[in-house]
Amino acid sequence: MLFDTHVHLNARQFEEDREEVIQRAKEEGVEYMVVVGFDRETIPLAIEIAESHHNIYAAVGWHPVDAIDMEETDLDWIEELSSHSKVVALGEMGLDYHWDKSPADVQKEVFRKQIQLAKKVNMPIIIHNREATQDIVDILKEEKAEEVGGIMHCYSGSVEIAEACVKMNFMISLGGPVTFKNAKRPKEVAEAIDLDHLLVETDCPFLAPHPNRGKRNEPAYVKLVAEQIAELKGVSLEEVSEKTTRNALKFFNIKE
Ligand SMILES: [Zn+2]
Ligand SMILES: [Zn+2]
């Protein structure tokens, strides 16, 4: 049994064959998924997919790349949706310094507002980080995000920062990059961080794991991520699957 904690089945890349993709995931043992919505277009579809599928849940938030587009009414909307029975987390939110559509100060403001909202509605958060690790850790500390906890999604930072995040009540989620031959850091993190604090994800349609690198990613491939972690830790695939699934169910407060 596997839990893909971060999917974008709401992306246009799945418009044509979404149901087949979900079916293939089930055949590979992917029992649970969280569909992440992060703007005005993707949030309603994330909710719709979660509403129409057993064991598929949704997360709602505002992506840092589009921080500049967020209005006060969007935050109110996210707050409203947070009480939906299928919404299990707020996000993805965070900082992304790779793209320059939204200035860093705007990104930080939008990130802080969402952490404050998560504390208000008592929901965990999903963190998107690209080239902004130190600022993210500083903001999580300043805003006391450990009160709600969260997920460092598709984590690619150092073991040291991962350990600091675990201390702040955060889970480390590994995705496709852990399977890449040249990805040293995610492999080090997979080895060093205890299974109790690890989750698996695809972030599909992006970042397909080896040997599907470069192709469209899909939830069925999360098994390749779990297999890689099992190999690095010297434990069975069953143990990684079962533990990470249990971790995710507990983290998202999903009652089976
Ligand atoms: Zn992301
Ligand atoms: Zn994502």
# chains A, B, ... in the order shown; residues from 1 in each chain; ligands from 1
>>> residues_near_ligand(ligand="ligand 2", cutoff="10 Å", atoms="only C-alpha atoms and all ligand atoms", output="PyMOL selection string")
chain A and resi 5-8+35-38+63+91-93+126-128+153-154+201-206
>>> write_last_selection(atoms="C-alpha atoms", output="short mmCIF file (atom, residue, chain, number, x, y, z; two decimals), in the first residue's frame")
data_model
loop_
_atom_site.label_atom_id
_atom_site.label_comp_id
_atom_site.auth_asym_id
_atom_site.auth_seq_id
_atom_site.Cartn_x
_atom_site.Cartn_y
_atom_site.Cartn_z
CA THR A 5 1.32 12.76 -0.88
CA HIS A 6 1.72 15.29 -3.70
CA VAL A 7 0.06 14.98 -7.11
CA HIS A 8 -1.22 17.46 -9.66
CA VAL A 35 -4.18 16.49 -5.15
CA VAL A 36 -2.59 19.89 -4.68
CA GLY A 37 -4.31 23.05 -5.94
CA PHE A 38 -2.35 26.28 -5.86
CA HIS A 63 2.00 29.00 -5.10
CA GLY A 91 -0.48 24.51 0.39
CA GLU A 92 1.50 24.35 -1.55
CA MET A 93 3.03 27.57 -0.26
CA ILE A 126 2.83 21.85 2.45
CA ILE A 127 6.03 23.72 1.66
CA HIS A 128 7.37 24.40 -1.83
CA HIS A 153 7.62 18.64 -0.35
CA CYS A 154 10.03 17.14 -2.89
CA GLU A 201 5.39 11.66 -3.53
CA THR A 202 5.56 12.05 -7.28
CA ASP A 203 4.74 15.78 -7.79
CA CYS A 204 3.35 14.48 -11.08
CA PRO A 205 3.24 15.43 -13.96
CA PHE A 206 6.74 16.74 -13.13
#
>>> residues_around(residues="Glu188 (chain A)", least_positions_apart="2", cutoff="12 Å", atoms="only C-alpha atoms", output="ChimeraX atom specification")
/A:155-160,162-163,174,177-179,182-186,190-194,228-229,232-233
>>> select_by_dssp(residues="region 18-196 of chain A", states="strand (DSSP E or B)", output="VMD selection string")
chain A and resid 30 to 37 56 to 60 87 to 96 125 to 130 150 to 152 170 to 174
>>> closest_residue(among="A:Phe111, A:Tyr221, A:Phe251, A:Tyr57", to="Met70 (chain A)", atoms="only C-alpha atoms")
A:Phe111
>>> closest_residue(among="A:Lys86, A:Lys108, A:Arg24, A:Arg130", to="ligand 1", atoms="only C-alpha atoms and all ligand atoms")
A:Arg130
>>> atom_distance(atom1="CA of Trp99 (chain A)", atom2="CA of Pro219 (chain A)")
26.0 Å
>>> residues_around(residues="Ala104 (chain A)", least_positions_apart="3", cutoff="10 Å", atoms="only C-alpha atoms", output="MDAnalysis selection string")
chainID A and resid 64:65 67:68 95:97 100:101 107:110 132 135
>>> closest_residue(among="A:Glu238, A:Glu51, A:Glu131, A:Asp196", to="ligand 1", atoms="only C-alpha atoms and all ligand atoms")
A:Glu131
>>> select_by_dssp(residues="region 83-250 of chain A", states="alpha helix (DSSP H)", output="PyMOL selection string")
chain A and resi 104-121+133-142+159-167+184-192+222-233+237-250
>>> closest_residue(among="A:Ser236, A:Asn129, A:Thr42, A:Ser173", to="ligand 1", atoms="only C-alpha atoms and all ligand atoms")
A:Asn129
>>> atom_distance(atom1="CA of Leu117 (chain A)", atom2="CA of Thr133 (chain A)")
21.5 Å
>>> closest_residue(among="A:His98, A:Lys113, A:Lys243, A:Lys215", to="Ile78 (chain A)", atoms="only C-alpha atoms")
A:Lys113
>>> residues_around(residues="Val148 (chain A)", least_positions_apart="2", cutoff="7 Å", atoms="only C-alpha atoms", output="mmCIF file with N, CA and C atoms, in the first residue's frame")
data_model
loop_
_atom_site.group_PDB
_atom_site.id
_atom_site.type_symbol
_atom_site.label_atom_id
_atom_site.label_comp_id
_atom_site.auth_asym_id
_atom_site.auth_seq_id
_atom_site.Cartn_x
_atom_site.Cartn_y
_atom_site.Cartn_z
ATOM 1 N N LYS A 119 -2.512 28.306 11.047
ATOM 2 C CA LYS A 119 -2.588 28.262 12.509
ATOM 3 C C LYS A 119 -4.001 28.594 12.987
ATOM 4 N N ASN A 122 -6.014 25.598 12.128
ATOM 5 C CA ASN A 122 -5.365 24.402 12.664
ATOM 6 C C ASN A 122 -5.186 23.291 11.626
ATOM 7 N N MET A 123 -4.461 23.619 10.567
ATOM 8 C CA MET A 123 -4.183 22.644 9.500
ATOM 9 C C MET A 123 -2.703 22.625 9.189
ATOM 10 N N PRO A 124 -2.164 21.426 8.865
ATOM 11 C CA PRO A 124 -0.749 21.363 8.473
ATOM 12 C C PRO A 124 -0.521 22.025 7.115
ATOM 13 N N ALA A 145 5.601 27.888 12.893
ATOM 14 C CA ALA A 145 4.863 26.911 12.089
ATOM 15 C C ALA A 145 4.843 25.533 12.738
ATOM 16 N N GLU A 146 5.729 25.295 13.705
ATOM 17 C CA GLU A 146 5.735 23.968 14.344
ATOM 18 C C GLU A 146 4.417 23.686 15.068
ATOM 19 N N GLY A 150 4.072 20.369 9.146
ATOM 20 C CA GLY A 150 3.914 20.413 7.705
ATOM 21 C C GLY A 150 4.789 19.407 6.989
#
>>> residues_around(residues="Asn247 (chain A)", least_positions_apart="2", cutoff="10 Å", atoms="only C-alpha atoms", output="list in words")
Phe3, Met171, Leu195, Asp196, His197, Leu198, Leu199, Val200, Ser241, Glu242, Lys243, Thr244, Thr245, Leu249, Lys250, Phe251, Phe252 and Asn253 of chain A
